[in-house]
Structure formats: C-alpha cells, structure tokens
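Q: Got a file for you: start.cif, mmCIF, C-alpha atoms and all ligand atoms.
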```
data_upload
#
loop_
_atom_site.label_atom_id
_atom_site.label_comp_id
_atom_site.auth_asym_id
_atom_site.auth_seq_id
_atom_site.Cartn_x
_atom_site.Cartn_y
_atom_site.Cartn_z
CA VAL Z 1 123.88 102.96 77.46
CA LYS Z 2 120.23 101.95 77.10
CA ALA Z 3 117.95 101.47 80.08
CA VAL Z 4 114.30 101.05 80.95
CA TRP Z 5 112.95 104.13 82.71
CA PHE Z 6 109.82 104.34 84.87
CA ALA Z 7 108.19 107.71 85.48
CA ASP Z 8 104.58 108.58 86.27
CA GLY Z 9 103.30 105.10 85.55
CA ALA Z 10 104.86 104.92 82.08
CA VAL Z 11 107.61 102.69 80.71
CA GLU Z 12 110.17 104.00 78.25
CA VAL Z 13 113.59 103.05 76.96
CA ARG Z 14 116.17 105.81 77.36
CA ASP Z 15 119.80 106.53 76.72
CA VAL Z 16 121.40 107.09 80.11
CA PRO Z 17 124.99 108.01 81.02
CA ASP Z 18 127.42 105.08 81.37
CA PRO Z 19 127.32 103.86 84.97
CA ALA Z 20 130.55 104.66 86.77
CA PRO Z 21 131.39 102.09 89.45
CA ASP Z 22 132.69 103.35 92.79
CA SER Z 23 135.86 101.71 94.07
CA GLY Z 24 133.88 99.10 96.02
CA ASP Z 25 131.55 98.37 93.11
CA ALA Z 26 131.48 95.94 90.24
CA LEU Z 27 130.19 96.91 86.82
CA VAL Z 28 128.03 94.08 85.52
CA ARG Z 29 126.92 93.61 81.91
CA VAL Z 30 123.36 92.32 82.29
CA THR Z 31 122.44 89.22 80.27
CA ARG Z 32 119.01 88.48 81.78
CA ALA Z 33 116.67 90.36 84.09
CA GLY Z 34 113.30 89.25 85.45
CA ILE Z 35 110.18 91.38 85.76
CA CYS Z 36 108.50 90.70 89.09
CA GLY Z 37 105.32 91.77 90.83
CA THR Z 38 107.19 94.45 92.75
CA ASP Z 39 108.23 96.08 89.46
CA LEU Z 40 104.59 96.14 88.40
CA ALA Z 41 103.68 97.66 91.79
CA LEU Z 42 106.33 100.37 91.23
CA LEU Z 43 104.70 101.16 87.93
CA GLU Z 44 101.39 101.59 89.74
CA GLY Z 45 102.88 104.02 92.21
CA TYR Z 46 104.41 101.90 94.99
CA ALA Z 47 107.27 103.78 96.74
CA ASP Z 48 106.88 106.82 94.45
CA PHE Z 49 109.55 105.32 92.24
CA SER Z 50 111.05 106.91 89.18
CA GLY Z 51 114.25 105.77 87.48
CA ILE Z 52 115.71 102.45 86.30
CA PRO Z 53 113.99 99.46 87.93
CA GLY Z 54 115.13 95.82 87.93
CA HIS Z 55 116.38 93.75 90.86
CA GLU Z 56 116.44 90.16 89.55
CA PHE Z 57 119.34 89.69 87.19
CA VAL Z 58 122.27 87.71 85.88
CA GLY Z 59 125.30 89.16 84.13
CA VAL Z 60 129.04 89.14 83.59
CA VAL Z 61 131.41 91.33 85.62
CA GLU Z 62 133.16 93.75 83.26
CA GLN Z 63 135.01 95.91 85.77
CA CYS Z 64 135.84 95.40 89.40
CA PRO Z 65 138.64 97.77 90.36
CA ASN Z 66 139.12 96.52 93.93
CA GLU Z 67 138.83 92.79 93.28
CA PRO Z 68 139.74 92.16 89.64
CA ASP Z 69 139.41 88.37 90.15
CA TRP Z 70 135.68 88.88 89.65
CA GLU Z 71 136.14 90.25 86.13
CA GLY Z 72 134.75 87.90 83.50
CA ARG Z 73 132.73 85.88 86.01
CA ARG Z 74 129.03 85.21 85.67
CA VAL Z 75 127.18 86.57 88.69
CA THR Z 76 123.95 87.56 90.31
CA ALA Z 77 123.77 89.95 93.25
CA GLU Z 78 121.93 90.73 96.44
CA ILE Z 79 120.08 94.00 96.14
CA ASN Z 80 120.28 95.61 99.58
CA VAL Z 81 123.16 98.04 99.98
CA GLY Z 82 123.70 99.03 103.61
CA CYS Z 83 125.35 102.16 105.00
CA GLY Z 84 128.06 99.96 106.54
CA ARG Z 85 127.98 101.81 109.87
CA CYS Z 86 124.70 101.16 111.70
CA SER Z 87 123.96 98.32 114.13
CA TRP Z 88 122.12 96.34 111.44
CA CYS Z 89 125.04 96.63 109.04
CA GLU Z 90 127.45 95.67 111.83
CA ARG Z 91 125.45 92.48 112.29
CA GLY Z 92 125.55 91.86 108.54
CA VAL Z 93 121.81 92.44 108.11
CA ARG Z 94 121.97 95.10 105.43
CA GLU Z 95 118.40 94.42 104.29
CA HIS Z 96 117.18 96.22 107.43
CA CYS Z 97 119.67 99.09 107.43
CA GLU Z 98 117.50 102.20 107.66
CA ALA Z 99 119.76 104.13 105.32
CA ARG Z 100 119.96 101.29 102.80
CA ALA Z 101 119.73 101.65 99.09
CA VAL Z 102 118.10 98.82 97.14
CA VAL Z 103 119.14 98.09 93.56
CA GLY Z 104 116.28 98.97 91.24
CA LEU Z 105 113.97 99.92 94.10
CA ARG Z 106 115.44 102.68 96.22
CA GLY Z 107 118.36 105.02 95.64
CA ARG Z 108 120.26 102.84 93.17
CA PRO Z 109 119.68 102.24 89.45
CA GLY Z 110 118.43 98.78 88.61
CA ALA Z 111 119.23 96.03 86.17
CA PHE Z 112 116.75 96.72 83.35
CA ALA Z 113 119.70 98.21 81.51
CA SER Z 114 122.69 97.04 79.54
CA HIS Z 115 124.85 97.52 82.67
CA VAL Z 116 124.32 97.83 86.41
CA THR Z 117 126.71 98.56 89.28
CA VAL Z 118 126.56 96.69 92.58
CA PRO Z 119 128.92 96.52 95.55
CA VAL Z 120 131.41 93.63 95.26
CA ALA Z 121 130.17 92.38 98.64
CA ASN Z 122 126.76 91.74 97.08
CA LEU Z 123 128.01 89.49 94.26
CA HIS Z 124 127.41 85.75 94.09
CA PRO Z 125 128.96 83.54 91.41
CA ILE Z 126 126.58 81.47 89.29
CA PRO Z 127 127.31 77.73 89.47
CA ASP Z 128 128.86 76.36 86.27
CA GLY Z 129 126.36 74.83 83.92
CA LEU Z 130 123.40 76.73 85.35
CA GLU Z 131 121.83 78.60 82.46
CA ASP Z 132 120.89 82.27 82.69
CA ASP Z 133 117.18 81.54 82.34
CA GLN Z 134 117.34 79.49 85.56
CA ALA Z 135 119.89 81.61 87.45
CA VAL Z 136 117.79 84.76 86.98
CA PHE Z 137 115.39 83.22 89.51
CA ALA Z 138 118.00 83.38 92.31
CA GLU Z 139 116.50 86.53 93.88
CA PRO Z 140 112.84 85.41 94.02
CA MET Z 141 113.97 81.93 95.01
CA ALA Z 142 116.05 83.36 97.86
CA ALA Z 143 112.96 85.29 98.96
CA ALA Z 144 111.07 81.98 99.02
CA PHE Z 145 113.83 80.31 101.08
CA GLU Z 146 113.48 83.17 103.56
CA ILE Z 147 110.20 81.58 104.69
CA LEU Z 148 112.13 78.48 105.78
CA GLU Z 149 114.59 80.68 107.70
CA GLN Z 150 111.75 82.44 109.52
CA ILE Z 151 109.39 79.66 110.53
CA ASN Z 152 109.72 76.03 111.41
CA ILE Z 153 107.93 73.70 109.03
CA GLU Z 154 107.87 70.07 110.16
CA PRO Z 155 107.03 67.09 107.94
CA ALA Z 156 103.54 66.96 109.50
CA THR Z 157 102.90 70.71 109.16
CA ARG Z 158 99.96 71.43 106.88
CA VAL Z 159 101.10 74.20 104.58
CA ALA Z 160 99.08 76.18 102.06
CA VAL Z 161 100.22 78.66 99.43
CA VAL Z 162 97.56 81.17 98.44
CA GLY Z 163 98.29 82.44 94.95
CA ASP Z 164 99.27 80.52 91.82
CA GLY Z 165 101.16 83.32 90.07
CA LYS Z 166 104.91 83.37 89.57
CA LEU Z 167 105.63 84.12 93.22
CA GLY Z 168 103.31 81.40 94.53
CA LEU Z 169 104.77 78.88 92.09
CA VAL Z 170 108.37 79.70 93.03
CA ILE Z 171 107.44 79.29 96.71
CA THR Z 172 105.76 75.97 95.90
CA MET Z 173 108.92 74.83 94.13
CA VAL Z 174 111.12 75.76 97.07
CA LEU Z 175 108.84 74.15 99.68
CA SER Z 176 108.76 70.96 97.62
CA PHE Z 177 112.54 71.07 97.25
CA ALA Z 178 112.70 71.20 101.06
CA GLY Z 179 110.49 68.09 101.30
CA HIS Z 180 107.06 69.64 101.95
CA ARG Z 181 103.79 69.24 100.05
CA PRO Z 182 102.01 72.59 100.09
CA THR Z 183 98.40 72.85 98.99
CA VAL Z 184 98.16 75.59 96.36
CA PHE Z 185 95.09 77.80 96.02
CA GLY Z 186 94.60 79.82 92.87
CA ARG Z 187 92.27 80.82 90.11
CA HIS Z 188 93.77 79.27 87.00
CA SER Z 189 93.56 75.56 86.25
CA GLY Z 190 96.66 75.68 84.02
CA LYS Z 191 98.77 77.20 86.76
CA LEU Z 192 97.42 74.85 89.41
CA GLU Z 193 98.57 72.04 87.11
CA LEU Z 194 102.01 73.65 87.06
CA ALA Z 195 101.87 73.78 90.86
CA SER Z 196 101.22 70.01 90.91
CA HIS Z 197 104.13 69.55 88.54
CA PHE Z 198 106.30 71.37 91.09
CA GLY Z 199 105.10 69.10 93.92
CA GLY Z 200 102.12 71.10 95.17
CA LEU Z 201 98.79 69.53 96.11
CA GLN Z 202 95.41 70.56 94.73
CA PRO Z 203 92.91 71.94 97.29
CA GLY Z 204 90.71 68.83 96.96
CA ASP Z 205 93.63 66.50 97.81
CA SER Z 206 94.36 67.76 101.28
CA GLY Z 207 91.05 67.62 103.17
CA ASN Z 208 89.09 70.53 104.54
CA ASP Z 209 91.03 71.25 107.72
CA ALA Z 210 92.45 74.70 108.18
CA PHE Z 211 96.20 74.94 107.66
CA ASP Z 212 98.98 75.32 110.21
CA VAL Z 213 100.90 77.67 107.92
CA VAL Z 214 99.43 79.75 105.10
CA ILE Z 215 101.71 81.66 102.76
CA GLU Z 216 100.10 84.64 101.06
CA ALA Z 217 101.58 85.18 97.60
CA THR Z 218 98.69 86.48 95.55
CA GLY Z 219 100.06 89.90 94.65
CA ARG Z 220 96.53 91.22 95.29
CA SER Z 221 95.03 93.30 98.05
CA SER Z 222 92.45 90.57 98.77
CA GLY Z 223 95.21 88.02 99.46
CA ILE Z 224 95.59 88.58 103.18
CA ALA Z 225 91.88 88.01 103.83
CA ASP Z 226 92.06 84.82 101.74
CA ALA Z 227 95.05 83.66 103.74
CA LEU Z 228 93.43 84.42 107.12
CA ARG Z 229 90.38 82.40 106.10
CA ARG Z 230 92.51 79.29 105.61
CA VAL Z 231 94.66 79.30 108.73
CA ARG Z 232 93.80 77.42 111.93
CA PRO Z 233 93.74 79.09 115.35
CA ARG Z 234 97.32 79.65 116.55
CA GLY Z 235 98.52 79.10 113.02
CA THR Z 236 100.93 81.29 111.07
CA VAL Z 237 100.29 83.48 108.05
CA VAL Z 238 103.37 84.51 106.05
CA LEU Z 239 102.89 87.67 103.99
CA LYS Z 240 104.84 88.00 100.76
CA THR Z 241 102.89 90.53 98.69
CA THR Z 242 103.98 94.17 98.48
CA LEU Z 243 101.13 96.42 97.42
CA PRO Z 244 101.06 99.99 96.15
CA GLN Z 245 98.21 100.84 98.54
CA SER Z 246 97.21 99.96 102.11
CA VAL Z 247 94.57 97.29 102.68
CA ASP Z 248 91.58 96.96 104.92
CA VAL Z 249 91.76 93.74 106.95
CA ASP Z 250 89.67 92.50 109.86
CA LEU Z 251 92.32 91.92 112.52
CA THR Z 252 89.83 90.65 115.11
CA ARG Z 253 90.25 87.18 113.65
CA VAL Z 254 94.00 87.52 114.26
CA VAL Z 255 93.45 88.45 117.92
CA VAL Z 256 90.70 85.97 118.73
CA ASP Z 257 92.40 83.04 117.04
CA GLU Z 258 95.90 84.10 118.14
CA ILE Z 259 97.26 84.00 114.63
CA ARG Z 260 100.87 84.84 114.02
CA LEU Z 261 101.54 87.18 111.10
CA VAL Z 262 105.03 87.06 109.62
CA GLY Z 263 106.21 89.57 107.05
CA SER Z 264 108.78 88.12 104.68
CA ARG Z 265 111.01 89.79 102.11
CA CYS Z 266 114.55 89.09 100.89
CA GLY Z 267 116.33 85.82 101.56
CA PRO Z 268 119.56 83.81 101.42
CA PHE Z 269 121.18 83.79 97.95
CA PRO Z 270 123.66 80.99 98.69
CA ARG Z 271 120.82 78.64 99.56
CA ALA Z 272 118.92 79.58 96.40
CA LEU Z 273 121.95 79.20 94.14
CA GLU Z 274 122.85 75.86 95.68
CA ALA Z 275 119.29 74.63 95.10
CA LEU Z 276 119.31 75.90 91.51
CA GLY Z 277 122.75 74.38 90.95
CA SER Z 278 121.47 70.96 92.07
CA GLY Z 279 119.47 70.77 88.84
CA ARG Z 280 116.38 69.64 90.76
CA LEU Z 281 114.54 72.91 90.20
CA GLU Z 282 113.21 74.06 86.84
CA PRO Z 283 111.93 77.61 87.35
CA LYS Z 284 112.53 78.43 83.68
CA VAL Z 285 109.31 76.63 82.78
CA LEU Z 286 107.67 79.77 84.20
CA VAL Z 287 109.28 81.94 81.49
CA GLU Z 288 106.70 83.08 78.95
CA GLY Z 289 108.79 85.53 77.01
CA VAL Z 290 112.28 87.00 76.65
CA TYR Z 291 112.40 90.53 75.20
CA PRO Z 292 115.29 92.76 74.13
CA LEU Z 293 115.49 96.12 75.92
CA SER Z 294 114.23 97.86 72.80
CA ARG Z 295 110.93 96.03 73.30
CA ALA Z 296 110.64 96.74 77.03
CA VAL Z 297 107.26 98.41 76.57
CA ASP Z 298 105.89 95.17 75.07
CA ALA Z 299 107.59 93.16 77.81
CA PHE Z 300 105.80 95.13 80.54
CA GLU Z 301 102.52 94.93 78.71
CA HIS Z 302 102.99 91.16 78.59
CA ALA Z 303 103.99 91.01 82.28
CA ARG Z 304 100.91 93.03 83.27
CA SER Z 305 98.47 90.95 81.28
CA PRO Z 306 96.13 88.88 83.47
CA GLY Z 307 97.58 85.50 84.38
CA ALA Z 308 101.04 86.21 82.93
CA LEU Z 309 103.92 84.22 84.38
CA LYS Z 310 107.59 85.24 84.12
CA VAL Z 311 108.71 87.75 81.53
CA LEU Z 312 112.46 88.34 81.10
CA LEU Z 313 114.51 91.08 79.47
CA ASP Z 314 117.67 90.26 77.56
CA PRO Z 315 119.70 93.50 77.44
CA SER Z 316 122.49 91.79 75.45
CA ARG Z 317 120.28 91.56 72.34
ZN ZN Z 401 111.20 90.98 92.91
ZN ZN Z 402 123.41 100.47 107.88
#
```
Take the structure in the file and write it out as structure tokens.
Ligand SMILES: [Zn+2]
Ligand SMILES: [Zn+2]

A:
Amino acid sequence: VKAVWFADGAVEVRDVPDPAPDSGDALVRVTRAGICGTDLALLEGYADFSGIPGHEFVGVVEQCPNEPDWEGRRVTAEINVGCGRCSWCERGVREHCEARAVVGLRGRPGAFASHVTVPVANLHPIPDGLEDDQAVFAEPMAAAFEILEQINIEPATRVAVVGDGKLGLVITMVLSFAGHRPTVFGRHSGKLELASHFGGLQPGDSGNDAFDVVIEATGRSSGIADALRRVRPRGTVVLKTTLPQSVDVDLTRVVVDEIRLVGSRCGPFPRALEALGSGRLEPKVLVEGVYPLSRAVDAFEHARSPGALKVLLDPSR
C-alpha cells in the first residue's frame, strides 16, 4: 500500500507492506486525513520522528476480527494506545500511559496512508450525514473541547485566543459553540474575519482589560510570551502549541502575578462528534485543499506555506 513517509525533514510517498491488524485492532481504509501543526513540527524535528505520520482521519473499517460489527462502518479514532496494565490505563486515561504508543506520532504508523490500524477500543462511529470533510476535524476539535474539561469558563469570563491559524480558529469555534465569545488575536485580517464568522470578537471590540483566560494557539515559539502579556494577575494561560524546540520565557511574571499555566493536549471525541453532528459547526470552511496521496509533497508544501489553513489528504483517490 502507499503511504507518506517522513525521514530527515523530507516528505516522500512510499510503498509499504500491507498493515496487518492484531486481534484487537481494526483495519481502516482512510478516506480523509488532516495535516496539522504537529505534523509540520515532526517534519522540523520534533520527537525525532521518522515513519508514517497522520493522526487526524476518517475512514471505513475493512477488517475487525474481534468485533466484526464494526466492518463497513465509517469511523474516526482516538490516537493514544495505552499498555493496558499501568495505573493510568486502569483509570482509562491512556493518553498519559508512559508506555503509550500514539498513532502517527509515536510507535504506531499513522493515517497518511491508504490504510491504518487502530485498536477497536479507540474507534468512534461518525454520525450519519456528517461529511468526511467535517468529521476529519474530530481530533483537533476534541483537543479544543479539552480546554473546557480542564478549566471553568463562566459566562462573564473574559477569554482570549492568541493565534488565528487553524488551531486558534477551531478553538474559537468550540468556545462559541459552548456559548462564549473569545477575543481572537492574530496577524491576518482575513483569518480574523473568519474568527468573527465563528463567533469570535475582534481585539478592538472587547476593551483593553487583561483577560481572565488566555489560550495560546499560535504554533510559534513567541506565542507563550504573547499569551502572558494578555492575562490578568491570577488569570489562566492554556498552552496548546507543541514546538520542536524549547523556548525561553520570563517566568517571573508567572510568579509575581500568580498566573496559572495549563498544558492541554488530547480531548473527548464523543463531545466533538456530538458537536459536529449537531450541524452547528462548519470547520470545513477552513479546508484550503484536498490532495491525493500521490501529491503529498505538494500538500505539505501547501500546509507549510505562511498563513495556510487546513490541508487534507484523500488516500482513496
Ligand atoms: Zn494534530
Ligand atoms: Zn498504560
């Protein structure tokens, strides 16, 4: 089968052996996969990755030896695969299992391929009528919902999102869906307009006060300093960017102003799929291009271009 392969900062399309699902796995034929900032970070050296990336996807189950009822169903899947034995796994928190594999990121081939295998326990059915170009946002949308699981945002809470790229816009969409009006800071007037379309406020609309909660979603190393600048004393900064390198930040501000820093990664798929299934969210307006696997090199070039929004791969073409 064909797959995208990352090695030494280069993208290529390779023939790889057919994936062979273990007894607890499902073999999924991928119909859409999304390129995200983390994939671009991998390409720049984050996590010393080489192999098949891709962790945002939709597909159809082709084989599922242990639970054949899944066969033929349209699915997406959670990406953390726990060891099944440690205290985290026992509590059902496989995303913090120390021995975990992560589809397309660590120890398991990803979804930028015609097929991917995932444990049956990770599968989620796609609601009927939800098109692939929307459903492929389940993973990043779940990661955005994670913020609402971690911190309490009241109607009066002043929330800012720093970053108007695809991640910042998905977070804006999810916060608006939950009834909030985040102020969105960014560098591109076109994208800030999109943010308004999704229910975000423009910086000028929300006064000059510092924010109670600032969500950093810039994808850049300067993002955390930007976020710290906008939070009030005793406020909360939520960090969403994963970077290939460490950053230099002045933490004195955090101490003196008693700021709470919250790291935030993967989130609840059921909540994301329910929100997508409601039809009230339109993440597919973020899609700028859909490329067949054979044009993966062009797809990554597009995704890396300054200001690019969502680029998808369609391995079925
Ligand atoms: Zn991602
Ligand atoms: Zn474990």

Q: Rounded to one decimal in Å, what is the spacing between CA of Ile52 in chain Z and CA of Glu282 in chain Z?

A: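 Between CA of Ile52 in chain Z and CA of Glu282 in chain Z the gap is 28.5 Å.
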
Q: Go through the chains and note each residue within 6 Å of ligand ZN 401 (chain Z), using all atoms listed in the file, then give the set as a count of residues only.

A: 3

Q: At a cut-off of 8 Å, using all atoms listed in the file, what residues contact range 227-230 of chain Z? Leave out same-chain residues fewer than 4 positions from it and give the result as a list in words.

A: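 In the requested form, the answer reads Val162, Ala210, Phe211, Val214, Ile215, Glu216, Gly223, Val237, Arg253 and Val254 of chain Z.
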
Q: Which residue is closest to ligand ZN 402 (chain Z)? Choose from Z:Phe269, Z:Phe177, Z:Phe300, Z:Trp88 and count all atoms listed in the file.

A: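 For ligand ZN 402 (chain Z), the nearest of the given residues is Z:Trp88.
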
Q: Using all atoms listed in the file, which residues sit within 8 Å of Asp132 in chain Z once same-chain residues fewer than 5 positions away are excluded, as number ranges by chain?

A: Z: 31-32, 58

Q: For each of Z:Glu98, Z:Asp226, Z:Asp128, Z:Asp205, take the minimum atom-to-atom distance to ligand ZN 402 (chain Z), counting all atoms listed in the file, then give the residue where this is smallest.

A: Z:Glu98

Q: Need the shell around Pro119 in chain Z: protein/DNA/RNA residues with any atom at most 12 Å away, counting only C-alpha atoms. Skip same-chain ones fewer than 6 positions apart. Format as number ranges by chain?

A: Z: 21-28, 61, 63-67, 70, 76-84, 101-103, 108

Q: Compare Z:Gly59, Z:Pro17, Z:Gly307, Z:Gly92 by their minimum atom-to-atom distance to ligand ZN 402 (chain Z), counting all atoms listed in the file, and give me the closest one.

A: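 Distance minimum relative to ligand ZN 402 (chain Z) lands on Z:Gly92.
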
Q: With only C-alpha atoms as the counted atoms, please give the residues lying no more than 9 Å from Met141 in chain Z, apart from itself and same-chain residues fewer than 3 positions off, as a list in words.

A: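 These residues fall inside the cut-off: Phe137, Ala138, Ala144, Phe145, Glu146, Leu167, Val170, Ile171, Met173, Val174, Gly267, Pro268, Phe269, Arg271, Ala272, Leu273 and Leu276 of chain Z.
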
Q: Up to 8 Å from (99.8, 73.5, 110.0) in the file's coordinates: name the residues, counting all atoms listed in the file, as a PyMOL selection string.

A: chain Z and resi 156-159+210-214+231-232+235-236

Q: Convert the current residue selection to file output with C-alpha atoms, as a PDB file, in the frame of the given file.

A:
```
ATOM      1  CA  ALA Z 156     103.540  66.960 109.500  1.00  0.00           C
ATOM      2  CA  THR Z 157     102.900  70.710 109.160  1.00  0.00           C
ATOM      3  CA  ARG Z 158      99.960  71.430 106.880  1.00  0.00           C
ATOM      4  CA  VAL Z 159     101.100  74.200 104.580  1.00  0.00           C
ATOM      5  CA  ALA Z 210      92.450  74.700 108.180  1.00  0.00           C
ATOM      6  CA  PHE Z 211      96.200  74.940 107.660  1.00  0.00           C
ATOM      7  CA  ASP Z 212      98.980  75.320 110.210  1.00  0.00           C
ATOM      8  CA  VAL Z 213     100.900  77.670 107.920  1.00  0.00           C
ATOM      9  CA  VAL Z 214      99.430  79.750 105.100  1.00  0.00           C
ATOM     10  CA  VAL Z 231      94.660  79.300 108.730  1.00  0.00           C
ATOM     11  CA  ARG Z 232      93.800  77.420 111.930  1.00  0.00           C
ATOM     12  CA  GLY Z 235      98.520  79.100 113.020  1.00  0.00           C
ATOM     13  CA  THR Z 236     100.930  81.290 111.070  1.00  0.00           C
TER      14      THR Z 236
END
```

Q: Using CA of Ser196 in chain Z and CA of Val136 in chain Z as the two end points, give the distance in Å to one decimal.

A: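 Taking CA of Ser196 in chain Z and CA of Val136 in chain Z, their separation equals 22.5 Å.
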
Q: With all atoms listed in the file as the basis for distance, which of Z:Ala47, Z:Val4, Z:Leu261, Z:Cys86 is at the shortest distance from ligand ZN 402 (chain Z)?

A: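 Closest candidate: Z:Cys86.
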
Q: Using all atoms listed in the file, can you list as an mmCIF file with C-alpha atoms, in the coordinates of the input the residues within 7 Å of (118.1, 104.7, 80.5)?

A:
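Listed below is the output, result_36.cif:
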```
data_model
loop_
_atom_site.group_PDB
_atom_site.id
_atom_site.type_symbol
_atom_site.label_atom_id
_atom_site.label_comp_id
_atom_site.auth_asym_id
_atom_site.auth_seq_id
_atom_site.Cartn_x
_atom_site.Cartn_y
_atom_site.Cartn_z
ATOM 1 C CA VAL Z 1 123.880 102.960 77.460
ATOM 2 C CA LYS Z 2 120.230 101.950 77.100
ATOM 3 C CA ALA Z 3 117.950 101.470 80.080
ATOM 4 C CA VAL Z 4 114.300 101.050 80.950
ATOM 5 C CA TRP Z 5 112.950 104.130 82.710
ATOM 6 C CA VAL Z 13 113.590 103.050 76.960
ATOM 7 C CA ARG Z 14 116.170 105.810 77.360
ATOM 8 C CA ASP Z 15 119.800 106.530 76.720
ATOM 9 C CA VAL Z 16 121.400 107.090 80.110
ATOM 10 C CA ILE Z 52 115.710 102.450 86.300
ATOM 11 C CA ALA Z 113 119.700 98.210 81.510
#
```

Q: If you measure from CA of Ile151 in chain Z to CA of Thr252 in chain Z, what distance in Å do you get, rounded to one decimal?

A: 22.9 Å

Q: Tell me which of Z:Glu274, Z:Glu12, Z:Asp164, Z:Glu90 sits closest to ligand ZN 402 (chain Z), counting only C-alpha atoms and all ligand atoms.

A: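 The answer is Z:Glu90, which sits nearest to ligand ZN 402 (chain Z).
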
Q: Write out as an mmCIF file with C-alpha atoms, in the coordinates of the input each polymer residue whose atoms come within 7 Å of Gly34 in chain Z, counting all atoms listed in the file; drop sequence neighbours fewer than 3 positions from it.

A:
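Final output, out_33.cif:
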```cif
data_model
loop_
_atom_site.group_PDB
_atom_site.id
_atom_site.type_symbol
_atom_site.label_atom_id
_atom_site.label_comp_id
_atom_site.auth_asym_id
_atom_site.auth_seq_id
_atom_site.Cartn_x
_atom_site.Cartn_y
_atom_site.Cartn_z
ATOM 1 C CA GLU Z 56 116.440 90.160 89.550
ATOM 2 C CA PHE Z 57 119.340 89.690 87.190
ATOM 3 C CA VAL Z 136 117.790 84.760 86.980
ATOM 4 C CA VAL Z 311 108.710 87.750 81.530
ATOM 5 C CA LEU Z 312 112.460 88.340 81.100
ATOM 6 C CA LEU Z 313 114.510 91.080 79.470
#
```

Q: Would you please work out which residue, of Z:Arg265, Z:Gly37, Z:Pro203, Z:Val256, is nearest to Leu148 in chain Z when using all atoms listed in the file?

A: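 For Leu148 in chain Z, the nearest of the candidates is Z:Arg265.
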
Q: Would you give the centre and edge lengths, in Å to one decimal, of a box along x, y and z around the listed atoms of range 106-118 of chain Z, with 6 Å added to each side, as JSON?

A:
```
{"center_x": 121.1, "center_y": 100.5, "center_z": 87.9, "size_x": 23.3, "size_y": 21.0, "size_z": 28.7}
```

Q: Since the input has fewer atoms than a full residue there, write range 47-53 of chain Z out with all heavy atoms, as a compact mmCIF listing (two decimals), in the coordinates of the input.

A:
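Contents of out30.txt, as written:
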```
# COMPACT_ATOMS: atom_id res chain seq x y z
N ALA Z 47 105.99 103.16 96.35
CA ALA Z 47 107.27 103.78 96.74
C ALA Z 47 107.61 105.03 95.93
O ALA Z 47 108.75 105.49 95.97
CB ALA Z 47 108.42 102.77 96.66
N ASP Z 48 106.63 105.60 95.24
CA ASP Z 48 106.88 106.82 94.45
C ASP Z 48 108.13 106.73 93.59
O ASP Z 48 108.95 107.65 93.53
CB ASP Z 48 107.04 108.04 95.38
CG ASP Z 48 105.70 108.60 95.76
OD1 ASP Z 48 104.77 108.49 94.93
OD2 ASP Z 48 105.58 109.12 96.89
N PHE Z 49 108.29 105.60 92.95
CA PHE Z 49 109.55 105.32 92.24
C PHE Z 49 109.62 106.01 90.89
O PHE Z 49 108.66 105.99 90.12
CB PHE Z 49 109.65 103.80 92.06
CG PHE Z 49 110.91 103.35 91.38
CD1 PHE Z 49 112.04 103.05 92.11
CD2 PHE Z 49 110.95 103.23 89.99
CE1 PHE Z 49 113.20 102.63 91.48
CE2 PHE Z 49 112.11 102.81 89.36
CZ PHE Z 49 113.24 102.51 90.11
N SER Z 50 110.77 106.60 90.58
CA SER Z 50 111.05 106.91 89.18
C SER Z 50 112.53 106.62 88.96
O SER Z 50 113.35 106.77 89.87
CB SER Z 50 110.70 108.34 88.83
OG SER Z 50 111.59 109.21 89.48
N GLY Z 51 112.87 106.13 87.76
CA GLY Z 51 114.25 105.77 87.48
C GLY Z 51 114.33 104.42 86.79
O GLY Z 51 113.36 103.98 86.16
N ILE Z 52 115.49 103.76 86.94
CA ILE Z 52 115.71 102.45 86.30
C ILE Z 52 115.36 101.35 87.29
O ILE Z 52 116.03 101.21 88.32
CB ILE Z 52 117.19 102.29 85.85
CG1 ILE Z 52 117.61 103.48 84.97
CG2 ILE Z 52 117.38 100.96 85.12
CD1 ILE Z 52 119.11 103.49 84.66
N PRO Z 53 114.33 100.56 87.02
CA PRO Z 53 113.99 99.46 87.93
C PRO Z 53 114.82 98.20 87.57
O PRO Z 53 115.68 98.26 86.71
CB PRO Z 53 112.51 99.23 87.64
CG PRO Z 53 112.34 99.64 86.20
CD PRO Z 53 113.37 100.69 85.91
```
